[in-house]
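Participant: This one is entry-v1.txt, compact mmCIF, C-alpha atoms (C1' of nucleotides).
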```txt
# COMPACT_ATOMS: atom_id res chain seq x y z
CA MET A 789 0.00 0.00 0.00
CA ALA A 790 2.40 2.69 1.17
CA ASN A 791 6.18 2.82 1.15
CA LEU A 792 7.60 0.08 3.33
CA THR A 793 10.87 1.85 4.09
CA LYS A 794 9.01 4.89 5.33
CA CYS A 795 6.82 2.75 7.57
CA ILE A 796 9.91 1.07 8.96
CA ASP A 797 11.55 4.39 9.76
CA MET A 798 8.40 5.50 11.48
CA MET A 799 8.26 2.23 13.44
CA ASP A 800 11.89 2.63 14.55
CA GLU A 801 11.22 6.09 15.87
CA GLY A 802 7.98 5.03 17.52
CA ILE A 803 9.59 2.14 19.36
CA GLY A 804 12.41 4.44 20.37
CA ARG A 805 9.95 6.87 21.96
CA VAL A 806 7.88 4.16 23.62
CA SER A 807 10.94 2.54 25.17
CA LEU A 808 11.78 5.85 26.85
CA VAL A 809 8.43 5.71 28.64
CA ILE A 810 8.48 1.95 29.25
CA PRO A 811 12.14 1.05 29.68
CA GLN A 812 11.61 -2.63 30.46
CA MET A 813 10.38 -3.20 26.91
CA PRO A 814 12.67 -5.50 24.87
CA ALA A 815 13.14 -2.91 22.14
CA ALA A 816 15.40 -4.86 19.80
CA GLU A 817 13.08 -7.86 19.80
CA ALA A 818 10.00 -5.70 19.41
CA ARG A 819 11.63 -4.08 16.37
CA LEU A 820 12.40 -7.48 14.89
CA SER A 821 8.82 -8.65 15.41
CA ARG A 822 7.39 -5.58 13.74
CA LEU A 823 9.86 -5.93 10.88
CA MET A 824 8.78 -9.52 10.35
CA LEU A 825 5.13 -8.51 10.36
CA MET A 826 5.63 -5.62 7.99
CA VAL A 827 7.85 -7.43 5.52
CA GLY A 828 5.65 -10.50 5.68
CA SER A 829 2.49 -8.66 4.86
CA SER A 830 4.16 -6.63 2.15
CA LEU A 831 5.33 -9.85 0.58
CA GLU A 832 1.84 -11.25 0.82
CA GLU A 833 0.44 -8.15 -0.84
CA GLU A 834 2.96 -8.52 -3.64
CA LEU A 835 1.99 -12.15 -4.13
CA GLU A 836 -1.72 -11.49 -4.11
CA ALA A 837 -1.25 -8.81 -6.74
CA LYS A 838 0.40 -11.38 -9.00
CA LEU A 839 -2.38 -13.89 -8.41
CA LYS A 840 -5.27 -11.52 -8.99
CA PRO A 841 -5.10 -11.71 -12.82
CA HIS A 842 -5.70 -15.44 -12.47
CA LYS A 843 -8.62 -14.85 -10.07
CA LEU A 844 -6.91 -16.76 -7.31
CA ASN A 845 -6.18 -15.53 -3.84
CA HIS A 846 -3.33 -16.68 -1.66
CA SER A 847 -5.17 -19.55 -0.01
CA ASP A 848 -6.65 -20.84 -3.26
CA PHE A 849 -3.23 -20.75 -4.85
CA LEU A 850 -1.50 -22.39 -1.93
CA THR A 851 -4.06 -25.18 -1.86
CA LEU A 852 -3.60 -25.79 -5.55
CA MET A 853 0.19 -25.72 -5.19
CA ILE A 854 0.11 -28.26 -2.36
CA LEU A 855 -1.87 -30.62 -4.55
CA TYR A 856 0.42 -29.95 -7.50
CA SER A 857 3.50 -30.68 -5.44
CA ARG A 858 2.23 -33.97 -4.09
CA PRO A 859 3.64 -37.05 -5.77
CA ASP A 860 0.14 -38.34 -6.55
CA GLY A 861 -1.67 -35.04 -6.87
CA HIS A 862 -4.25 -35.74 -4.20
CA SER A 863 -5.08 -35.10 -0.57
CA THR A 864 -8.00 -34.62 1.82
CA PRO A 865 -9.56 -31.43 3.15
CA GLY A 866 -8.17 -32.09 6.60
CA GLU A 867 -4.63 -32.45 5.39
CA LEU A 868 -4.96 -29.40 3.17
CA CYS A 869 -6.21 -27.39 6.14
CA GLU A 870 -3.15 -28.36 8.08
CA PHE A 871 -0.57 -27.54 5.43
CA ALA A 872 -2.28 -24.45 4.11
CA SER A 873 -2.92 -23.25 7.70
CA GLN A 874 -6.58 -22.73 6.99
CA GLY A 875 -9.68 -23.47 8.95
CA ALA A 876 -11.89 -26.29 7.78
CA THR A 877 -14.67 -23.85 6.96
CA ASN A 878 -12.49 -21.88 4.64
CA MET A 879 -11.16 -25.03 3.01
CA THR A 880 -14.69 -25.98 2.08
CA ARG A 881 -15.09 -22.65 0.37
CA ILE A 882 -11.73 -22.97 -1.40
CA ALA A 883 -12.54 -26.46 -2.61
CA ASN A 884 -15.95 -25.34 -3.84
CA ALA A 885 -14.33 -22.54 -5.81
CA LEU A 886 -11.62 -24.74 -7.32
CA VAL A 887 -14.09 -27.49 -8.20
CA LYS A 888 -16.31 -24.94 -9.91
CA ARG A 889 -13.34 -23.88 -12.05
CA GLY A 890 -12.47 -27.48 -12.88
CA LEU A 891 -9.03 -27.29 -11.28
CA ILE A 892 -9.69 -30.04 -8.75
CA THR A 893 -12.19 -32.86 -8.25
CA ARG A 894 -13.81 -33.90 -5.02
CA ARG A 895 -15.13 -37.41 -4.40
CA ALA A 896 -15.98 -39.61 -1.45
CA GLY A 897 -13.16 -41.54 0.18
CA GLU A 898 -13.15 -45.29 -0.31
CA ALA A 899 -11.39 -46.65 2.76
CA ASP A 900 -12.84 -44.09 5.17
CA ARG A 901 -16.06 -42.67 3.86
CA ARG A 902 -15.91 -39.70 6.22
CA CYS A 903 -13.00 -38.36 4.24
CA VAL A 904 -13.26 -36.57 0.96
CA LEU A 905 -10.58 -37.12 -1.66
CA ILE A 906 -9.39 -34.10 -3.54
CA HIS A 907 -7.43 -34.49 -6.78
CA ILE A 908 -5.82 -31.88 -8.96
CA THR A 909 -7.07 -32.14 -12.55
CA ALA A 910 -5.10 -31.84 -15.78
CA ALA A 911 -6.49 -28.32 -16.11
CA GLY A 912 -5.24 -27.56 -12.60
CA ARG A 913 -1.75 -28.74 -13.51
CA ARG A 914 -1.79 -26.72 -16.71
CA LEU A 915 -2.80 -23.58 -14.81
CA VAL A 916 0.03 -24.00 -12.30
CA GLN A 917 2.55 -24.61 -15.06
CA LYS A 918 1.34 -21.55 -16.91
CA MET A 919 1.33 -19.20 -13.96
CA LEU A 920 4.55 -20.12 -12.17
CA PRO A 921 7.21 -19.03 -14.68
CA PRO A 922 6.08 -15.36 -14.82
CA LEU A 923 6.52 -15.28 -11.05
CA PHE A 924 10.19 -16.23 -11.15
CA PRO A 925 11.69 -12.88 -12.15
CA ARG A 926 10.04 -11.11 -9.21
CA ILE A 927 11.03 -13.82 -6.78
CA GLY A 928 14.58 -13.39 -7.96
CA ALA A 929 14.34 -9.59 -7.78
CA MET A 930 13.28 -9.72 -4.14
CA PHE A 931 16.68 -11.13 -3.28
CA THR A 932 18.92 -8.95 -5.39
CA GLY A 933 21.94 -7.94 -3.39
CA PHE A 934 21.73 -11.07 -1.23
CA SER A 935 24.92 -13.11 -1.23
CA GLU A 936 24.69 -16.87 -0.95
CA ALA A 937 25.73 -16.49 2.67
CA ASP A 938 22.93 -13.96 3.24
CA LYS A 939 20.37 -16.40 1.91
CA ARG A 940 21.67 -19.19 4.10
CA GLN A 941 21.64 -16.91 7.13
CA LEU A 942 18.12 -15.73 6.45
CA SER A 943 16.92 -19.28 6.02
CA ARG A 944 18.61 -20.36 9.22
CA LEU A 945 17.24 -17.44 11.26
CA LEU A 946 13.70 -17.81 9.96
CA ARG A 947 13.71 -21.52 10.73
CA LYS A 948 14.98 -20.84 14.21
CA LEU A 949 12.25 -18.27 14.72
CA ALA A 950 9.69 -20.78 13.44
CA HIS A 951 10.95 -23.30 15.94
CA ASN A 952 10.53 -20.83 18.80
CA LEU A 953 7.04 -19.92 17.64
CA ASP A 954 6.09 -23.58 17.67
CA ARG A 955 7.32 -23.93 21.23
CA LEU A 956 5.36 -20.84 22.24
CA SER A 957 2.04 -22.00 20.90
CA GLU A 958 2.35 -25.52 22.28
CA ASP A 959 2.29 -24.05 25.72
CA PRO A 960 -0.16 -21.28 25.22
CA HIS A 961 -0.99 -19.95 28.70
CA PRO A 962 0.44 -16.52 29.37
CA PRO A 963 -0.72 -15.89 32.97
CA ARG A 964 -0.33 -19.41 34.32
CA THR A 965 2.94 -21.26 33.87
CA PRO A 966 1.79 -24.90 33.87
CA ARG A 967 5.18 -26.24 34.90
CA MET B 1222 -3.18 -23.18 13.63
CA ALA B 1223 -1.05 -26.25 12.87
CA ASN B 1224 2.56 -26.98 13.60
CA LEU B 1225 4.79 -24.56 11.75
CA THR B 1226 7.83 -26.83 11.60
CA LYS B 1227 5.76 -29.56 10.00
CA CYS B 1228 4.41 -27.15 7.41
CA ILE B 1229 7.93 -26.00 6.65
CA ASP B 1230 9.14 -29.55 6.12
CA MET B 1231 6.22 -30.17 3.82
CA MET B 1232 7.00 -26.97 1.92
CA ASP B 1233 10.66 -27.96 1.52
CA GLU B 1234 9.69 -31.28 0.04
CA GLY B 1235 7.03 -29.74 -2.16
CA ILE B 1236 9.41 -27.18 -3.64
CA GLY B 1237 11.95 -29.93 -4.14
CA ARG B 1238 9.49 -31.96 -6.18
CA VAL B 1239 8.23 -28.98 -8.16
CA SER B 1240 11.74 -27.92 -9.08
CA LEU B 1241 12.33 -31.32 -10.62
CA VAL B 1242 9.45 -30.68 -13.00
CA ILE B 1243 10.22 -26.98 -13.54
CA PRO B 1244 14.00 -26.72 -13.27
CA GLN B 1245 14.22 -23.00 -14.09
CA MET B 1246 12.47 -22.18 -10.81
CA PRO B 1247 14.68 -20.24 -8.36
CA ALA B 1248 14.19 -22.82 -5.63
CA ALA B 1249 16.25 -21.23 -2.87
CA GLU B 1250 14.49 -17.89 -3.27
CA ALA B 1251 11.08 -19.53 -3.50
CA ARG B 1252 11.80 -21.31 -0.23
CA LEU B 1253 12.82 -18.07 1.42
CA SER B 1254 9.66 -16.35 0.23
CA ARG B 1255 7.46 -19.11 1.57
CA LEU B 1256 9.37 -19.12 4.84
CA MET B 1257 8.80 -15.40 5.22
CA LEU B 1258 5.12 -15.80 4.51
CA MET B 1259 4.69 -18.70 6.89
CA VAL B 1260 6.65 -17.24 9.77
CA GLY B 1261 5.06 -13.83 9.23
CA SER B 1262 1.55 -15.15 9.41
CA SER B 1263 2.32 -17.37 12.35
CA LEU B 1264 3.66 -14.36 14.18
CA GLU B 1265 0.55 -12.42 13.29
CA GLU B 1266 -1.60 -15.22 14.62
CA GLU B 1267 0.36 -15.22 17.85
CA LEU B 1268 -0.08 -11.47 18.20
CA GLU B 1269 -3.80 -11.54 17.46
CA ALA B 1270 -4.25 -14.22 20.08
CA LYS B 1271 -2.66 -11.93 22.67
CA LEU B 1272 -4.84 -9.00 21.60
CA LYS B 1273 -8.15 -10.85 21.58
CA PRO B 1274 -8.66 -10.67 25.37
CA HIS B 1275 -8.60 -6.89 25.00
CA LYS B 1276 -11.06 -7.04 22.09
CA LEU B 1277 -8.59 -5.46 19.73
CA ASN B 1278 -7.43 -6.83 16.41
CA HIS B 1279 -4.07 -6.18 14.82
CA SER B 1280 -5.07 -3.06 12.91
CA ASP B 1281 -6.92 -1.52 15.86
CA PHE B 1282 -3.91 -2.15 18.07
CA LEU B 1283 -1.43 -0.84 15.55
CA THR B 1284 -3.45 2.34 15.07
CA LEU B 1285 -3.60 2.90 18.80
CA MET B 1286 0.14 2.21 19.13
CA ILE B 1287 0.99 4.69 16.40
CA LEU B 1288 -0.96 7.37 18.22
CA TYR B 1289 0.59 6.37 21.52
CA SER B 1290 4.09 6.55 20.11
CA ARG B 1291 3.64 10.02 18.63
CA PRO B 1292 5.19 12.85 20.59
CA ASP B 1293 1.87 14.71 20.74
CA GLY B 1294 -0.48 11.74 20.63
CA HIS B 1295 -2.38 12.82 17.55
CA SER B 1296 -2.59 12.26 13.80
CA THR B 1297 -5.05 12.25 10.89
CA PRO B 1298 -6.82 9.33 9.22
CA GLY B 1299 -4.71 9.74 6.11
CA GLU B 1300 -1.46 9.52 7.99
CA LEU B 1301 -2.68 6.59 10.04
CA CYS B 1302 -3.66 4.78 6.84
CA GLU B 1303 -0.18 5.23 5.54
CA PHE B 1304 1.69 4.02 8.60
CA ALA B 1305 -0.72 1.26 9.50
CA SER B 1306 -0.83 0.14 5.83
CA GLN B 1307 -4.61 0.23 5.84
CA GLY B 1308 -7.15 1.47 3.34
CA ALA B 1309 -9.04 4.63 4.17
CA THR B 1310 -12.27 2.68 4.39
CA ASN B 1311 -10.91 0.43 7.04
CA MET B 1312 -9.42 3.32 8.97
CA THR B 1313 -12.89 4.82 9.25
CA ARG B 1314 -14.13 1.58 10.78
CA ILE B 1315 -11.14 1.39 13.14
CA ALA B 1316 -11.60 4.98 14.25
CA ASN B 1317 -15.31 4.43 14.81
CA ALA B 1318 -14.57 1.42 16.98
CA LEU B 1319 -11.87 3.17 19.02
CA VAL B 1320 -13.97 6.30 19.49
CA LYS B 1321 -16.87 4.19 20.71
CA ARG B 1322 -14.58 2.67 23.33
CA GLY B 1323 -13.32 6.08 24.40
CA LEU B 1324 -9.71 5.31 23.44
CA ILE B 1325 -9.41 8.12 20.89
CA THR B 1326 -11.27 11.30 19.99
CA ARG B 1327 -12.05 12.58 16.54
CA ARG B 1328 -12.64 16.24 15.80
CA ALA B 1329 -12.55 18.56 12.80
CA GLY B 1330 -9.18 19.90 11.72
CA GLU B 1331 -8.55 23.60 12.29
CA ALA B 1332 -6.03 24.58 9.65
CA ASP B 1333 -7.39 22.31 6.90
CA ARG B 1334 -11.00 21.55 7.58
CA ARG B 1335 -10.98 18.60 5.19
CA CYS B 1336 -8.84 16.72 7.67
CA VAL B 1337 -10.01 15.07 10.84
CA LEU B 1338 -7.78 15.17 13.90
CA ILE B 1339 -7.48 12.02 15.92
CA HIS B 1340 -6.12 12.12 19.47
CA ILE B 1341 -5.42 9.31 21.86
CA THR B 1342 -7.26 9.80 25.16
CA ALA B 1343 -6.00 9.23 28.69
CA ALA B 1344 -7.98 5.97 28.70
CA GLY B 1345 -6.23 4.99 25.46
CA ARG B 1346 -2.83 5.60 27.02
CA ARG B 1347 -3.80 3.66 30.10
CA LEU B 1348 -4.92 0.69 28.01
CA VAL B 1349 -1.64 0.63 26.08
CA GLN B 1350 0.39 0.83 29.26
CA LYS B 1351 -1.61 -1.95 30.80
CA MET B 1352 -1.45 -4.32 27.84
CA LEU B 1353 2.15 -3.94 26.71
CA PRO B 1354 4.08 -5.42 29.65
CA PRO B 1355 2.36 -8.85 29.50
CA LEU B 1356 3.48 -9.04 25.89
CA PHE B 1357 7.16 -8.70 26.71
CA PRO B 1358 7.90 -12.24 27.91
CA ARG B 1359 6.58 -13.76 24.69
CA ILE B 1360 8.43 -11.28 22.53
CA GLY B 1361 11.59 -12.27 24.35
CA ALA B 1362 10.79 -15.96 24.06
CA MET B 1363 10.47 -15.70 20.29
CA PHE B 1364 14.14 -14.87 20.10
CA THR B 1365 15.55 -17.36 22.58
CA GLY B 1366 18.72 -18.85 21.16
CA PHE B 1367 19.41 -15.77 19.05
CA SER B 1368 22.81 -14.27 19.67
CA GLU B 1369 23.24 -10.53 19.42
CA ALA B 1370 24.87 -11.13 16.06
CA ASP B 1371 21.88 -13.19 14.94
CA LYS B 1372 19.52 -10.35 15.80
CA ARG B 1373 21.65 -7.84 13.94
CA GLN B 1374 21.82 -10.15 10.91
CA LEU B 1375 18.09 -10.71 10.88
CA SER B 1376 17.41 -7.01 11.15
CA ARG B 1377 19.83 -6.27 8.35
CA LEU B 1378 18.42 -8.94 6.05
CA LEU B 1379 14.80 -8.00 6.66
CA ARG B 1380 15.55 -4.35 5.96
CA LYS B 1381 17.32 -5.29 2.76
CA LEU B 1382 14.36 -7.38 1.71
CA ALA B 1383 12.04 -4.48 2.53
CA HIS B 1384 14.14 -2.23 0.34
CA ASN B 1385 13.88 -4.65 -2.58
CA LEU B 1386 10.13 -4.97 -2.11
CA ASP B 1387 9.80 -1.19 -2.28
CA ARG B 1388 11.73 -1.10 -5.51
CA LEU B 1389 9.51 -3.85 -6.92
CA SER B 1390 6.23 -2.16 -6.21
CA GLU B 1391 7.33 1.24 -7.45
CA ASP B 1392 7.70 -0.24 -10.88
CA PRO B 1393 4.78 -2.61 -10.89
CA HIS B 1394 4.45 -3.83 -14.48
CA PRO B 1395 5.41 -7.43 -14.93
CA PRO B 1396 4.87 -7.91 -18.68
CA ARG B 1397 5.86 -4.44 -19.92
CA THR B 1398 9.17 -2.92 -18.86
CA PRO B 1399 8.39 0.82 -19.08
CA ARG B 1400 12.06 1.82 -19.22
C1' DA C 487 -15.16 36.06 -7.91
C1' DG C 488 -16.75 31.72 -9.95
C1' DA C 489 -15.81 27.28 -12.03
C1' DA C 490 -12.97 23.39 -12.01
C1' DA C 491 -9.66 20.25 -10.12
C1' DA C 492 -7.69 17.97 -6.29
C1' DC C 493 -8.17 16.07 -1.53
C1' DA C 494 -9.76 13.90 2.78
C1' DT C 495 -12.96 11.25 4.53
C1' DT C 496 -17.23 8.50 4.76
C1' DT C 497 -21.02 5.43 2.99
C1' DC C 498 -22.48 1.43 0.50
C1' DA C 499 -22.15 -3.06 -1.44
C1' DC C 500 -19.35 -6.94 -1.64
C1' DC C 501 -15.80 -10.90 -0.64
C1' DA C 502 -12.86 -13.72 2.33
C1' DA C 503 -12.34 -15.79 6.70
C1' DT C 504 -14.05 -17.26 11.18
C1' DG C 505 -16.85 -19.58 15.05
C1' DA C 506 -20.69 -22.29 16.36
C1' DA C 507 -23.81 -25.65 15.31
C1' DG C 508 -25.23 -29.52 12.25
C1' DT C 509 -24.67 -34.06 9.66
C1' DA C 510 -22.67 -38.28 8.67
C1' DA C 511 -19.33 -42.10 9.25
C1' DA C 512 -16.07 -44.78 12.08
C1' DA C 513 -14.18 -46.35 16.46
C1' DG C 514 -14.71 -47.62 21.06
C1' DA C 515 -17.45 -48.93 25.29
C1' DT C 516 -20.84 -51.76 27.58
C1' DA D 665 -25.25 -55.53 19.09
C1' DT D 666 -26.08 -50.99 20.11
C1' DC D 667 -24.98 -46.73 22.40
C1' DT D 668 -21.66 -43.22 22.99
C1' DT D 669 -17.64 -40.70 21.54
C1' DT D 670 -14.65 -39.12 18.17
C1' DT D 671 -13.49 -37.66 13.60
C1' DA D 672 -14.34 -35.31 9.06
C1' DC D 673 -16.57 -32.23 6.80
C1' DT D 674 -20.37 -28.74 5.69
C1' DT D 675 -23.85 -25.04 6.57
C1' DC D 676 -25.15 -20.75 8.56
C1' DA D 677 -24.51 -16.32 10.65
C1' DT D 678 -21.12 -12.85 11.65
C1' DT D 679 -16.81 -10.03 11.34
C1' DG D 680 -12.88 -7.73 9.08
C1' DG D 681 -11.33 -5.66 5.06
C1' DT D 682 -11.76 -3.80 0.13
C1' DG D 683 -13.21 -1.06 -4.10
C1' DA D 684 -16.37 2.29 -6.11
C1' DA D 685 -19.12 6.10 -5.59
C1' DA D 686 -20.71 10.08 -2.63
C1' DT D 687 -19.90 14.27 0.30
C1' DG D 688 -17.85 18.21 1.81
C1' DT D 689 -13.43 21.27 1.56
C1' DT D 690 -9.65 23.51 -0.08
C1' DT D 691 -6.83 25.04 -3.82
C1' DT D 692 -6.08 26.55 -8.47
C1' DC D 693 -7.19 28.48 -12.83
C1' DT D 694 -9.20 32.03 -15.67
```
If you took the structure in this file and wrote it as structure tokens, what would it be?

Facilitator:
Amino acid sequence: MANLTKCIDMMDEGIGRVSLVIPQMPAAEARLSRLMLMVGSSLEEELEAKLKPHKLNHSDFLTLMILYSRPDGHSTPGELCEFASQGATNMTRIANALVKRGLITRRAGEADRRCVLIHITAAGRRLVQKMLPPLFPRIGAMFTGFSEADKRQLSRLLRKLAHNLDRLSEDPHPPRTPR
Amino acid sequence: MANLTKCIDMMDEGIGRVSLVIPQMPAAEARLSRLMLMVGSSLEEELEAKLKPHKLNHSDFLTLMILYSRPDGHSTPGELCEFASQGATNMTRIANALVKRGLITRRAGEADRRCVLIHITAAGRRLVQKMLPPLFPRIGAMFTGFSEADKRQLSRLLRKLAHNLDRLSEDPHPPRTPR
DNA sequence: AGAAAACATTTCACCAATGAAGTAAAAGAT
DNA sequence: ATCTTTTACTTCATTGGTGAAATGTTTTCT
């Protein structure tokens, strides 16, 4: 929406001022969290803009990509929810939309008839193969000026952060420390 | 929602398989982008969970924090839109909600009567001061195992990525290169 | 001064995502 | 064997966020 660099400058100053009033604030970590949030949502915005011409939003696209990247091209709603980090309700909507466009099929499971089996169709594969290559230049451009070492570092640090986030949400009580 | 580490493993495998079919894909960069998106939205989820008890969502909270962190505690809807990366429509809704709760006031601008002046109230400041400290332990915990050098690296790399994203969206045409 | 252009904000209509309740199948208990 | 519990998914009602048009204000042009 607006200029990211400007927002970051503003955030830096803001945290600086707040930490004068509330000195026990972990200012460096707060800055890092805000940076992650800002860069993450800017990246998401960028991605959504590239998907819009294909009438797909992020979660539709991600769902389709998960199916595409599976060895057998199929899955179940529950599994898709898990890997696409979506609620079951929303996955129903996504699947309805993708079925309507002929990109996936949905049929009853055979072994366990509670499950629904979702398969990517040939048209779904064609769409993915058509839309991915135009994305590559921008993905590359995002990392201009990054050395190989920079990329490795970033990967390492993000994975470490992910690990910590997992630990945090396993043990989700803030007031009570359940030993 | 689900386990982040598991989703990341799944993503790594998925990109591995896709890049066998589409070898010109910049796999390392694609992985980094997905990592950013996944960690970013997990962080957002974590934050929203902490805000929910106060009946604030991320954009409400961010708006209030921007006002709180201003030297004079005031701003205009336009400026808030810019720094909170929100559309004007949504800022109207946010301001309505915060006014109704007595956390901000909204009155006509004096110099330029097209503008609206938004001030944080004493109750708004009190709320911020009450809700920030319980956030600190979790912010710290997110970065356990990060050395000082790690934090500096992460900050540097995120800012570099932000810079590249700004350059990308200034010049937004993918097919045509408008020289 | 009066008309036109540019701005700041709000209203309206819509879409995506969520939570709570509902339906159906499978697994487990008695 | 059947009754209960659990699992998998869908439906319905609501919330958060967006784009397009509307309103009121200031600035600019002639």

Participant: Would you list the contacts of DG488 (chain C) as a PyMOL selection string, taking every protein, DNA or RNA residue within 12 Å and counting all atoms listed in the file, but skipping same-chain residues closer than 2 positions in sequence?

Facilitator: (chain C and resi 490) or (chain D and resi 692-694)

Participant: Using C-alpha atoms (C1' of nucleotides), can you export the residues from the last selection as a PDB file, keeping the file's coordinate frame?

Facilitator:
```pdb
ATOM      1  C1'  DA C 490     -12.970  23.390 -12.010  1.00  0.00           C
TER       2       DA C 490
ATOM      3  C1'  DT D 692      -6.080  26.550  -8.470  1.00  0.00           C
ATOM      4  C1'  DC D 693      -7.190  28.480 -12.830  1.00  0.00           C
ATOM      5  C1'  DT D 694      -9.200  32.030 -15.670  1.00  0.00           C
TER       6       DT D 694
END
```

Participant: Would you give me, as a tab-separated table, each residue of chain C having an atom within 9 Å of an atom of chain A, along with its shortest atom pair and that distance in Å to one decimal, using only C-alpha atoms (C1' of nucleotides) and sorting by chain and residue number?

Facilitator:
```
residue	atom	partner	partner_atom	distance
C:DA502	C1'	A:Asn878	CA	8.5
C:DA503	C1'	A:Asn878	CA	6.4
C:DT504	C1'	A:Thr877	CA	7.8
C:DA510	C1'	A:Arg902	CA	7.3
C:DA511	C1'	A:Arg902	CA	5.2
C:DA512	C1'	A:Asp900	CA	7.7
```

Participant: Compute the set of chain D residues within 10 Å of chain B, using only C-alpha atoms (C1' of nucleotides), and express it as a list in words.

Facilitator: DG680, DG681, DT682, DG683, DG688, DT689 and DT690 of chain D

Participant: Figure out the distance between CA of Lys1351 (chain B) and CA of Val809 (chain A), please, to one decimal in Å.

Facilitator: 12.8 Å

Participant: For chain A, list the residues within 7 Å of chain B, counting only C-alpha atoms, and write the list as a VMD selection string.

Facilitator: chain A and resid 789 to 793 795 802 805 to 806 813 to 814 817 to 818 820 823 to 825 827 to 828 832 857 to 858 870 to 871 873 924 927 to 928 930 to 931 942 to 943 945 to 946 949 to 954

Participant: Work out how far CA of Ala1332 (chain B) is from CA of Asp1281 (chain B), in Å to one decimal.

Facilitator: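 Separating CA of Asp1281 (chain B) from CA of Ala1332 (chain B) is a distance of 26.8 Å.
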